[in-house]
Amino acid sequence: MNTLEQAKKYAEGKANEAITKAIEEAYIEGYKAGYKDREEEIPMDLRDNKTEYVDLGLPSGTLWSTDYERLDGKRLYLPYEKAKDLKLPTREQWEELKTICKWEYDIDSTYYFCRCRCVGPNGQILTFERTGRIITLEEKDSWEAFFWIKDETDTNDKGAVHMYNYGKNDKKKDGYCEISANFSGFKLPVRLVR
């Protein structure tokens, strides 16, 4: 191999190294930028792992957050698109909670839902307050309790736990709790699981 061929081979090797290094650096920088963008979409308090959980003694071992997520001390309301990447309960986790635990409802004198307590098999209690949902900038439905569940369907309506009582026309002492479809643009509070 003459000197010219050796120089050409050496140059090709160095060029490949330089290209490979440039691609690696671009990939790493792109990954970091993408991670930072995703991280900024999540409210700061949710990234700080300040959420407290309660062990209700469920067979699955699922822990439920002790309260709705908050930001600056106020209950956090998110549309589904912003809530979906959080650790929302699945339909199965909700059904387990609903069927395994004992439920105690507080209904006011006009038979409207106020709150309910979910008593786990081990006696620990989880409380669900009347939260309402934000429908538009000017409109909030505040007579019932809602929170998002994980919903993988390709529709604009997403599943949410809905707790309510029908008021004056419904003399039932217990409230109702079910999964209902809510427009994904509505802002609902968030309960987390782990």
# chains A, B, ... in the order shown; residues from 1 in each chain; ligands from 1
>>> select_by_dssp(residues="segment 20-193 of chain A", states="strand (DSSP E or B)", output="short mmCIF file (atom, residue, chain, number, x, y, z; two decimals) with all heavy atoms, in the first residue's frame")
data_model
loop_
_atom_site.label_atom_id
_atom_site.label_comp_id
_atom_site.auth_asym_id
_atom_site.auth_seq_id
_atom_site.Cartn_x
_atom_site.Cartn_y
_atom_site.Cartn_z
N TYR A 53 -49.20 8.91 49.76
CA TYR A 53 -50.06 7.78 49.40
C TYR A 53 -50.51 7.05 50.65
O TYR A 53 -49.84 7.10 51.68
CB TYR A 53 -49.30 6.82 48.47
CG TYR A 53 -48.98 7.43 47.13
CD1 TYR A 53 -47.81 8.15 46.95
CD2 TYR A 53 -49.85 7.30 46.06
CE1 TYR A 53 -47.52 8.72 45.72
CE2 TYR A 53 -49.57 7.87 44.84
CZ TYR A 53 -48.41 8.58 44.67
OH TYR A 53 -48.13 9.15 43.46
N VAL A 54 -51.64 6.36 50.52
CA VAL A 54 -52.15 5.56 51.63
C VAL A 54 -52.27 4.11 51.16
O VAL A 54 -52.69 3.85 50.03
CB VAL A 54 -53.50 6.10 52.15
CG1 VAL A 54 -54.58 6.04 51.10
CG2 VAL A 54 -53.94 5.36 53.40
N ASP A 55 -51.89 3.20 52.04
CA ASP A 55 -52.04 1.77 51.77
C ASP A 55 -53.36 1.34 52.40
O ASP A 55 -53.51 1.31 53.62
CB ASP A 55 -50.87 0.99 52.38
CG ASP A 55 -50.96 -0.50 52.12
OD1 ASP A 55 -51.93 -0.96 51.48
OD2 ASP A 55 -50.05 -1.21 52.58
N LEU A 63 -51.37 1.68 45.88
CA LEU A 63 -51.45 2.77 46.84
C LEU A 63 -52.16 3.94 46.14
O LEU A 63 -51.84 4.26 45.00
CB LEU A 63 -50.07 3.21 47.30
CG LEU A 63 -49.17 2.14 47.91
CD1 LEU A 63 -47.82 2.73 48.28
CD2 LEU A 63 -49.82 1.48 49.10
N TRP A 64 -53.08 4.59 46.84
CA TRP A 64 -53.81 5.74 46.30
C TRP A 64 -53.30 7.01 46.97
O TRP A 64 -52.98 7.01 48.16
CB TRP A 64 -55.30 5.59 46.55
CG TRP A 64 -55.95 4.65 45.59
CD1 TRP A 64 -55.89 3.28 45.60
CD2 TRP A 64 -56.75 5.01 44.47
NE1 TRP A 64 -56.59 2.77 44.55
CE2 TRP A 64 -57.15 3.81 43.84
CE3 TRP A 64 -57.18 6.21 43.93
CZ2 TRP A 64 -57.94 3.79 42.71
CZ3 TRP A 64 -57.99 6.19 42.80
CH2 TRP A 64 -58.35 4.99 42.20
N SER A 65 -53.23 8.11 46.19
CA SER A 65 -52.80 9.38 46.78
C SER A 65 -53.83 9.81 47.82
O SER A 65 -55.03 9.60 47.65
CB SER A 65 -52.63 10.46 45.71
OG SER A 65 -53.82 10.70 45.01
N ARG A 70 -52.26 19.08 44.02
CA ARG A 70 -52.39 20.52 44.25
C ARG A 70 -51.20 21.25 43.65
O ARG A 70 -50.12 20.70 43.53
CB ARG A 70 -52.48 20.81 45.74
CG ARG A 70 -53.74 20.22 46.35
CD ARG A 70 -53.90 20.55 47.81
NE ARG A 70 -55.12 19.96 48.32
CZ ARG A 70 -56.30 20.54 48.31
NH1 ARG A 70 -56.43 21.74 47.80
NH2 ARG A 70 -57.37 19.93 48.79
N LEU A 71 -51.43 22.50 43.31
CA LEU A 71 -50.38 23.38 42.82
C LEU A 71 -50.55 24.70 43.54
O LEU A 71 -51.64 25.28 43.52
CB LEU A 71 -50.49 23.57 41.31
CG LEU A 71 -49.38 24.35 40.62
CD1 LEU A 71 -48.03 23.67 40.83
CD2 LEU A 71 -49.66 24.51 39.15
N LYS A 74 -53.62 24.99 45.82
CA LYS A 74 -54.97 24.88 45.25
C LYS A 74 -55.10 23.58 44.48
O LYS A 74 -54.15 23.12 43.86
CB LYS A 74 -55.25 26.05 44.30
CG LYS A 74 -55.28 27.39 45.00
CD LYS A 74 -55.55 28.49 44.01
CE LYS A 74 -55.49 29.84 44.70
NZ LYS A 74 -55.60 30.94 43.75
N ARG A 75 -56.30 23.02 44.51
CA ARG A 75 -56.56 21.79 43.77
C ARG A 75 -56.24 22.01 42.29
O ARG A 75 -56.63 23.01 41.71
CB ARG A 75 -58.03 21.39 43.95
CG ARG A 75 -58.30 19.98 43.56
CD ARG A 75 -59.72 19.57 43.91
NE ARG A 75 -59.87 19.40 45.34
CZ ARG A 75 -60.95 19.76 46.02
NH1 ARG A 75 -61.97 20.30 45.42
NH2 ARG A 75 -61.00 19.57 47.32
N TYR A 77 -56.55 21.31 38.41
CA TYR A 77 -57.49 20.83 37.39
C TYR A 77 -56.76 20.81 36.05
O TYR A 77 -56.17 21.81 35.65
CB TYR A 77 -58.70 21.76 37.28
CG TYR A 77 -59.64 21.66 38.45
CD1 TYR A 77 -59.35 22.30 39.66
CD2 TYR A 77 -60.81 20.93 38.37
CE1 TYR A 77 -60.21 22.20 40.74
CE2 TYR A 77 -61.68 20.83 39.44
CZ TYR A 77 -61.37 21.47 40.62
OH TYR A 77 -62.23 21.38 41.69
N LEU A 78 -56.80 19.65 35.38
CA LEU A 78 -56.09 19.50 34.10
C LEU A 78 -57.01 18.88 33.06
O LEU A 78 -57.82 18.01 33.38
CB LEU A 78 -54.89 18.57 34.27
CG LEU A 78 -53.74 19.02 35.16
CD1 LEU A 78 -52.73 17.90 35.33
CD2 LEU A 78 -53.08 20.25 34.59
N LYS A 102 -65.19 -0.42 51.75
CA LYS A 102 -66.50 -0.01 52.26
C LYS A 102 -66.63 1.49 51.98
O LYS A 102 -65.69 2.25 52.22
CB LYS A 102 -66.58 -0.29 53.76
CG LYS A 102 -67.88 0.12 54.37
CD LYS A 102 -67.86 -0.13 55.87
CE LYS A 102 -69.10 0.48 56.48
NZ LYS A 102 -68.98 0.66 57.91
N TRP A 103 -67.80 1.92 51.53
CA TRP A 103 -68.01 3.32 51.16
C TRP A 103 -69.01 3.96 52.10
O TRP A 103 -70.06 3.41 52.38
CB TRP A 103 -68.50 3.42 49.71
CG TRP A 103 -67.43 3.02 48.75
CD1 TRP A 103 -67.11 1.76 48.37
CD2 TRP A 103 -66.53 3.88 48.08
NE1 TRP A 103 -66.04 1.77 47.50
CE2 TRP A 103 -65.68 3.06 47.30
CE3 TRP A 103 -66.36 5.26 48.05
CZ2 TRP A 103 -64.67 3.60 46.50
CZ3 TRP A 103 -65.36 5.78 47.26
CH2 TRP A 103 -64.53 4.95 46.50
N GLU A 104 -68.68 5.15 52.58
CA GLU A 104 -69.55 5.94 53.45
C GLU A 104 -69.74 7.30 52.81
O GLU A 104 -68.76 8.02 52.56
CB GLU A 104 -68.92 6.11 54.83
CG GLU A 104 -68.63 4.80 55.53
CD GLU A 104 -67.76 4.97 56.77
OE1 GLU A 104 -67.22 6.09 57.00
OE2 GLU A 104 -67.62 3.98 57.51
N TYR A 105 -71.00 7.67 52.52
CA TYR A 105 -71.29 8.92 51.83
C TYR A 105 -71.83 9.98 52.78
O TYR A 105 -72.60 9.67 53.68
CB TYR A 105 -72.33 8.68 50.73
CG TYR A 105 -71.83 7.81 49.62
CD1 TYR A 105 -71.90 6.43 49.70
CD2 TYR A 105 -71.27 8.38 48.48
CE1 TYR A 105 -71.43 5.63 48.67
CE2 TYR A 105 -70.79 7.58 47.45
CZ TYR A 105 -70.88 6.21 47.56
OH TYR A 105 -70.41 5.43 46.55
N ASP A 106 -71.42 11.22 52.56
CA ASP A 106 -72.01 12.36 53.25
C ASP A 106 -72.88 13.09 52.23
O ASP A 106 -72.37 13.60 51.23
CB ASP A 106 -70.94 13.32 53.77
CG ASP A 106 -70.15 12.73 54.92
OD1 ASP A 106 -70.65 11.78 55.57
OD2 ASP A 106 -69.04 13.21 55.17
N ILE A 107 -74.17 13.10 52.49
CA ILE A 107 -75.14 13.78 51.63
C ILE A 107 -75.74 14.90 52.47
O ILE A 107 -76.14 14.68 53.61
CB ILE A 107 -76.23 12.79 51.15
CG1 ILE A 107 -75.62 11.54 50.51
CG2 ILE A 107 -77.21 13.47 50.21
CD1 ILE A 107 -74.80 11.76 49.28
N PHE A 113 -74.53 15.46 47.07
CA PHE A 113 -73.27 14.81 47.43
C PHE A 113 -72.32 15.83 48.04
O PHE A 113 -72.13 16.91 47.50
CB PHE A 113 -72.66 14.20 46.16
CG PHE A 113 -71.29 13.62 46.36
CD1 PHE A 113 -71.14 12.31 46.77
CD2 PHE A 113 -70.16 14.38 46.16
CE1 PHE A 113 -69.88 11.77 46.95
CE2 PHE A 113 -68.90 13.85 46.33
CZ PHE A 113 -68.76 12.54 46.74
N CYS A 114 -71.70 15.50 49.16
CA CYS A 114 -70.68 16.36 49.77
C CYS A 114 -69.30 15.72 49.69
O CYS A 114 -68.35 16.33 49.25
CB CYS A 114 -71.01 16.63 51.22
SG CYS A 114 -72.47 17.64 51.45
N ARG A 115 -69.21 14.47 50.17
CA ARG A 115 -67.94 13.74 50.16
C ARG A 115 -68.23 12.28 50.44
O ARG A 115 -69.34 11.94 50.86
CB ARG A 115 -66.96 14.30 51.18
CG ARG A 115 -67.23 13.92 52.61
CD ARG A 115 -66.37 14.63 53.62
NE ARG A 115 -66.45 16.06 53.59
CZ ARG A 115 -67.43 16.80 54.11
NH1 ARG A 115 -68.46 16.19 54.68
NH2 ARG A 115 -67.42 18.09 54.04
N CYS A 116 -67.25 11.46 50.24
CA CYS A 116 -67.37 10.08 50.67
C CYS A 116 -66.04 9.60 51.20
O CYS A 116 -64.98 10.13 50.85
CB CYS A 116 -67.90 9.18 49.56
SG CYS A 116 -66.83 9.01 48.16
N ARG A 117 -66.12 8.62 52.06
CA ARG A 117 -64.93 8.00 52.62
C ARG A 117 -64.88 6.57 52.13
O ARG A 117 -65.87 5.85 52.16
CB ARG A 117 -64.99 8.04 54.16
CG ARG A 117 -64.69 9.39 54.73
CD ARG A 117 -64.90 9.44 56.23
NE ARG A 117 -66.28 9.14 56.63
CZ ARG A 117 -67.32 9.96 56.49
NH1 ARG A 117 -67.13 11.15 55.96
NH2 ARG A 117 -68.51 9.62 56.87
N CYS A 118 -63.72 6.18 51.73
CA CYS A 118 -63.47 4.82 51.25
C CYS A 118 -62.62 4.15 52.33
O CYS A 118 -61.50 4.58 52.59
CB CYS A 118 -62.72 4.91 49.92
SG CYS A 118 -62.08 3.37 49.34
N VAL A 119 -63.19 3.14 52.98
CA VAL A 119 -62.49 2.46 54.07
C VAL A 119 -61.91 1.15 53.53
O VAL A 119 -62.65 0.27 53.08
CB VAL A 119 -63.45 2.17 55.25
CG1 VAL A 119 -62.69 1.52 56.40
CG2 VAL A 119 -64.14 3.45 55.70
N ILE A 125 -58.36 5.05 55.62
CA ILE A 125 -59.45 5.79 54.97
C ILE A 125 -58.90 6.71 53.89
O ILE A 125 -57.89 7.38 54.07
CB ILE A 125 -60.24 6.61 56.00
CG1 ILE A 125 -60.89 5.66 57.01
CG2 ILE A 125 -61.27 7.49 55.32
CD1 ILE A 125 -61.57 6.35 58.17
N LEU A 126 -59.62 6.76 52.79
CA LEU A 126 -59.34 7.66 51.67
C LEU A 126 -60.60 8.49 51.48
O LEU A 126 -61.70 7.95 51.41
CB LEU A 126 -59.06 6.81 50.42
CG LEU A 126 -58.56 7.49 49.18
CD1 LEU A 126 -57.24 8.19 49.44
CD2 LEU A 126 -58.37 6.46 48.08
N THR A 127 -60.47 9.81 51.41
CA THR A 127 -61.63 10.69 51.28
C THR A 127 -61.68 11.31 49.90
O THR A 127 -60.65 11.73 49.36
CB THR A 127 -61.58 11.81 52.35
OG1 THR A 127 -61.53 11.20 53.64
CG2 THR A 127 -62.80 12.70 52.27
N PHE A 128 -62.88 11.36 49.34
CA PHE A 128 -63.13 12.01 48.06
C PHE A 128 -64.09 13.17 48.30
O PHE A 128 -65.23 12.95 48.68
CB PHE A 128 -63.72 11.04 47.04
CG PHE A 128 -62.77 9.94 46.66
CD1 PHE A 128 -62.79 8.72 47.33
CD2 PHE A 128 -61.84 10.12 45.65
CE1 PHE A 128 -61.92 7.71 46.99
CE2 PHE A 128 -60.96 9.11 45.30
CZ PHE A 128 -61.00 7.90 45.98
N GLU A 129 -63.61 14.39 48.09
CA GLU A 129 -64.42 15.59 48.29
C GLU A 129 -65.18 15.94 47.01
O GLU A 129 -64.81 15.52 45.92
CB GLU A 129 -63.51 16.77 48.64
CG GLU A 129 -62.69 16.58 49.89
CD GLU A 129 -63.49 16.70 51.16
OE1 GLU A 129 -64.51 17.41 51.15
OE2 GLU A 129 -63.08 16.08 52.16
N ARG A 133 -65.89 20.13 38.15
CA ARG A 133 -65.01 20.10 36.98
C ARG A 133 -65.13 21.45 36.30
O ARG A 133 -66.16 22.11 36.41
CB ARG A 133 -65.39 18.97 36.02
CG ARG A 133 -66.78 19.10 35.50
CD ARG A 133 -67.23 17.93 34.68
NE ARG A 133 -68.67 18.06 34.47
CZ ARG A 133 -69.38 17.26 33.77
NH1 ARG A 133 -68.83 16.23 33.17
NH2 ARG A 133 -70.68 17.45 33.62
N ILE A 134 -64.11 21.85 35.60
CA ILE A 134 -64.14 23.12 34.88
C ILE A 134 -64.50 22.80 33.44
O ILE A 134 -63.75 22.11 32.74
CB ILE A 134 -62.79 23.84 34.99
CG1 ILE A 134 -62.49 24.14 36.47
CG2 ILE A 134 -62.79 25.12 34.16
CD1 ILE A 134 -61.10 24.67 36.73
N LYS A 140 -68.11 26.31 35.83
CA LYS A 140 -67.61 25.20 36.65
C LYS A 140 -68.80 24.46 37.22
O LYS A 140 -69.71 25.06 37.79
CB LYS A 140 -66.71 25.71 37.78
CG LYS A 140 -66.16 24.59 38.64
CD LYS A 140 -65.24 25.10 39.72
CE LYS A 140 -64.75 23.94 40.56
NZ LYS A 140 -63.91 24.34 41.66
N ASP A 141 -68.81 23.16 37.06
CA ASP A 141 -69.81 22.30 37.66
C ASP A 141 -69.25 21.89 39.01
O ASP A 141 -68.23 21.24 39.08
CB ASP A 141 -70.03 21.08 36.74
CG ASP A 141 -70.81 19.97 37.39
OD1 ASP A 141 -71.34 20.17 38.49
OD2 ASP A 141 -70.89 18.89 36.79
N ALA A 145 -68.24 15.06 42.33
CA ALA A 145 -66.80 14.79 42.42
C ALA A 145 -66.35 14.08 41.14
O ALA A 145 -67.05 13.20 40.64
CB ALA A 145 -66.49 13.92 43.63
N PHE A 146 -65.21 14.46 40.64
CA PHE A 146 -64.64 13.87 39.44
C PHE A 146 -63.14 13.68 39.62
O PHE A 146 -62.51 14.40 40.37
CB PHE A 146 -64.81 14.80 38.23
CG PHE A 146 -66.22 15.03 37.78
CD1 PHE A 146 -66.96 16.08 38.28
CD2 PHE A 146 -66.79 14.18 36.83
CE1 PHE A 146 -68.25 16.30 37.85
CE2 PHE A 146 -68.08 14.40 36.39
CZ PHE A 146 -68.82 15.46 36.90
N PHE A 147 -62.57 12.74 38.87
CA PHE A 147 -61.13 12.69 38.63
C PHE A 147 -60.89 11.75 37.46
O PHE A 147 -61.65 10.81 37.22
CB PHE A 147 -60.31 12.31 39.87
CG PHE A 147 -60.58 10.95 40.45
CD1 PHE A 147 -59.90 9.83 40.01
CD2 PHE A 147 -61.51 10.80 41.48
CE1 PHE A 147 -60.14 8.59 40.58
CE2 PHE A 147 -61.75 9.56 42.05
CZ PHE A 147 -61.06 8.45 41.59
N TRP A 148 -59.82 12.03 36.71
CA TRP A 148 -59.49 11.26 35.51
C TRP A 148 -59.01 9.86 35.86
O TRP A 148 -58.36 9.65 36.87
CB TRP A 148 -58.38 11.93 34.70
CG TRP A 148 -58.74 13.21 34.04
CD1 TRP A 148 -58.18 14.43 34.27
CD2 TRP A 148 -59.70 13.41 33.00
NE1 TRP A 148 -58.74 15.37 33.44
CE2 TRP A 148 -59.68 14.77 32.66
CE3 TRP A 148 -60.59 12.58 32.33
CZ2 TRP A 148 -60.51 15.33 31.68
CZ3 TRP A 148 -61.42 13.12 31.36
CH2 TRP A 148 -61.38 14.47 31.05
N ASP A 157 -63.90 11.79 24.17
CA ASP A 157 -64.43 11.57 25.52
C ASP A 157 -63.51 10.59 26.23
O ASP A 157 -63.16 9.55 25.69
CB ASP A 157 -65.85 11.01 25.46
CG ASP A 157 -66.84 12.06 25.00
OD1 ASP A 157 -66.55 13.26 25.13
OD2 ASP A 157 -67.92 11.68 24.50
N LYS A 158 -63.15 10.92 27.45
CA LYS A 158 -62.25 10.09 28.24
C LYS A 158 -62.93 9.72 29.55
O LYS A 158 -63.78 10.44 30.06
CB LYS A 158 -60.94 10.82 28.54
CG LYS A 158 -60.16 11.19 27.29
CD LYS A 158 -59.71 9.95 26.52
CE LYS A 158 -58.91 10.30 25.29
NZ LYS A 158 -58.52 9.11 24.54
N GLY A 159 -62.52 8.58 30.09
CA GLY A 159 -63.13 8.09 31.31
C GLY A 159 -62.71 8.88 32.54
O GLY A 159 -61.56 9.28 32.67
N ALA A 160 -63.68 9.08 33.41
CA ALA A 160 -63.43 9.75 34.69
C ALA A 160 -64.33 9.13 35.74
O ALA A 160 -65.45 8.73 35.45
CB ALA A 160 -63.69 11.24 34.58
N VAL A 161 -63.83 9.05 36.96
CA VAL A 161 -64.68 8.63 38.06
C VAL A 161 -65.61 9.79 38.37
O VAL A 161 -65.19 10.95 38.41
CB VAL A 161 -63.84 8.24 39.30
CG1 VAL A 161 -64.73 8.01 40.50
CG2 VAL A 161 -63.01 7.01 38.99
N HIS A 162 -66.87 9.47 38.56
CA HIS A 162 -67.91 10.47 38.79
C HIS A 162 -68.70 10.05 40.02
O HIS A 162 -69.27 8.97 40.05
CB HIS A 162 -68.80 10.50 37.54
CG HIS A 162 -69.89 11.51 37.60
ND1 HIS A 162 -70.93 11.49 36.71
CD2 HIS A 162 -70.13 12.55 38.42
CE1 HIS A 162 -71.74 12.48 36.98
NE2 HIS A 162 -71.28 13.14 38.03
N MET A 163 -68.69 10.87 41.06
CA MET A 163 -69.42 10.60 42.29
C MET A 163 -70.47 11.69 42.46
O MET A 163 -70.15 12.87 42.34
CB MET A 163 -68.48 10.61 43.49
CG MET A 163 -67.41 9.56 43.39
SD MET A 163 -66.28 9.72 44.79
CE MET A 163 -64.93 8.74 44.19
N TYR A 164 -71.70 11.30 42.76
CA TYR A 164 -72.78 12.28 42.78
C TYR A 164 -74.00 11.75 43.52
O TYR A 164 -74.09 10.59 43.89
CB TYR A 164 -73.16 12.64 41.35
CG TYR A 164 -73.65 11.45 40.55
CD1 TYR A 164 -75.01 11.18 40.42
CD2 TYR A 164 -72.75 10.59 39.94
CE1 TYR A 164 -75.45 10.07 39.70
CE2 TYR A 164 -73.17 9.50 39.22
CZ TYR A 164 -74.53 9.24 39.11
OH TYR A 164 -74.96 8.15 38.40
N TYR A 176 -73.77 7.91 44.39
CA TYR A 176 -73.44 7.02 43.28
C TYR A 176 -71.99 7.25 42.91
O TYR A 176 -71.50 8.38 42.97
CB TYR A 176 -74.30 7.36 42.06
CG TYR A 176 -75.78 7.25 42.31
CD1 TYR A 176 -76.52 8.37 42.68
CD2 TYR A 176 -76.45 6.04 42.15
CE1 TYR A 176 -77.88 8.28 42.89
CE2 TYR A 176 -77.82 5.95 42.36
CZ TYR A 176 -78.53 7.07 42.74
OH TYR A 176 -79.87 6.98 42.95
N CYS A 177 -71.30 6.21 42.49
CA CYS A 177 -69.96 6.39 41.95
C CYS A 177 -69.81 5.44 40.77
O CYS A 177 -70.14 4.27 40.86
CB CYS A 177 -68.87 6.19 42.99
SG CYS A 177 -68.85 4.62 43.81
N GLU A 178 -69.37 6.00 39.66
CA GLU A 178 -69.25 5.24 38.43
C GLU A 178 -68.21 5.89 37.53
O GLU A 178 -67.76 7.00 37.81
CB GLU A 178 -70.60 5.18 37.71
CG GLU A 178 -71.10 6.57 37.29
CD GLU A 178 -72.51 6.58 36.76
OE1 GLU A 178 -73.22 5.58 36.94
OE2 GLU A 178 -72.90 7.58 36.17
N ILE A 179 -67.89 5.21 36.47
CA ILE A 179 -67.03 5.81 35.46
C ILE A 179 -67.93 6.38 34.38
O ILE A 179 -68.83 5.70 33.88
CB ILE A 179 -66.06 4.78 34.86
CG1 ILE A 179 -65.08 4.33 35.94
CG2 ILE A 179 -65.31 5.37 33.67
CD1 ILE A 179 -64.11 3.27 35.50
N SER A 180 -67.72 7.65 34.05
CA SER A 180 -68.51 8.28 33.00
C SER A 180 -67.56 8.90 31.97
O SER A 180 -66.40 9.16 32.27
CB SER A 180 -69.44 9.35 33.58
OG SER A 180 -68.69 10.41 34.11
N ALA A 181 -68.08 9.14 30.80
CA ALA A 181 -67.28 9.76 29.74
C ALA A 181 -67.34 11.27 29.90
O ALA A 181 -68.41 11.84 30.11
CB ALA A 181 -67.82 9.36 28.37
N ASN A 182 -66.21 11.91 29.84
CA ASN A 182 -66.11 13.36 29.92
C ASN A 182 -65.30 13.85 28.74
O ASN A 182 -64.32 13.23 28.35
CB ASN A 182 -65.43 13.78 31.21
CG ASN A 182 -66.37 13.79 32.38
OD1 ASN A 182 -66.92 14.82 32.72
ND2 ASN A 182 -66.58 12.64 33.00
N PHE A 183 -65.69 14.99 28.19
CA PHE A 183 -64.93 15.59 27.10
C PHE A 183 -63.50 15.83 27.58
O PHE A 183 -63.28 16.36 28.67
CB PHE A 183 -65.58 16.89 26.65
CG PHE A 183 -64.77 17.66 25.65
CD1 PHE A 183 -64.44 17.09 24.43
CD2 PHE A 183 -64.33 18.94 25.93
CE1 PHE A 183 -63.68 17.78 23.49
CE2 PHE A 183 -63.57 19.64 25.01
CZ PHE A 183 -63.25 19.06 23.79
N LYS A 187 -61.55 20.33 32.37
CA LYS A 187 -60.47 20.24 33.36
C LYS A 187 -61.02 19.56 34.61
O LYS A 187 -61.96 20.05 35.23
CB LYS A 187 -59.93 21.62 33.69
CG LYS A 187 -59.22 22.27 32.52
CD LYS A 187 -58.69 23.63 32.90
CE LYS A 187 -57.95 24.25 31.73
NZ LYS A 187 -57.46 25.59 32.05
N LEU A 188 -60.42 18.43 34.94
CA LEU A 188 -60.82 17.66 36.10
C LEU A 188 -59.65 17.57 37.07
O LEU A 188 -58.50 17.67 36.66
CB LEU A 188 -61.22 16.23 35.69
CG LEU A 188 -62.66 15.99 35.25
CD1 LEU A 188 -63.02 16.78 34.03
CD2 LEU A 188 -62.89 14.53 35.02
N PRO A 189 -59.95 17.34 38.34
CA PRO A 189 -58.86 17.14 39.29
C PRO A 189 -58.18 15.80 39.05
O PRO A 189 -58.69 14.95 38.32
CB PRO A 189 -59.56 17.20 40.65
CG PRO A 189 -60.96 16.87 40.38
CD PRO A 189 -61.25 17.30 38.97
N VAL A 193 -52.00 7.09 41.62
CA VAL A 193 -51.77 5.79 42.24
C VAL A 193 -50.32 5.40 42.01
O VAL A 193 -49.64 5.95 41.17
CB VAL A 193 -52.70 4.70 41.64
CG1 VAL A 193 -54.14 4.96 41.97
CG2 VAL A 193 -52.49 4.55 40.15
#
>>> atom_distance(atom1="atom CA of Asp108 of chain A", atom2="atom CA of Glu144 of chain A")
12.3 Å
>>> closest_residue(among="A:Ile149, A:Ala22, A:Leu4, A:Ile135", to="Arg91 of chain A", atoms="only C-alpha atoms")
A:Ile149
>>> atom_distance(atom1="atom CA of Lys87 of chain A", atom2="atom CA of Gly185 of chain A")
18.8 Å
>>> atom_distance(atom1="atom CA of Ala15 of chain A", atom2="atom CA of Glu29 of chain A")
21.0 Å
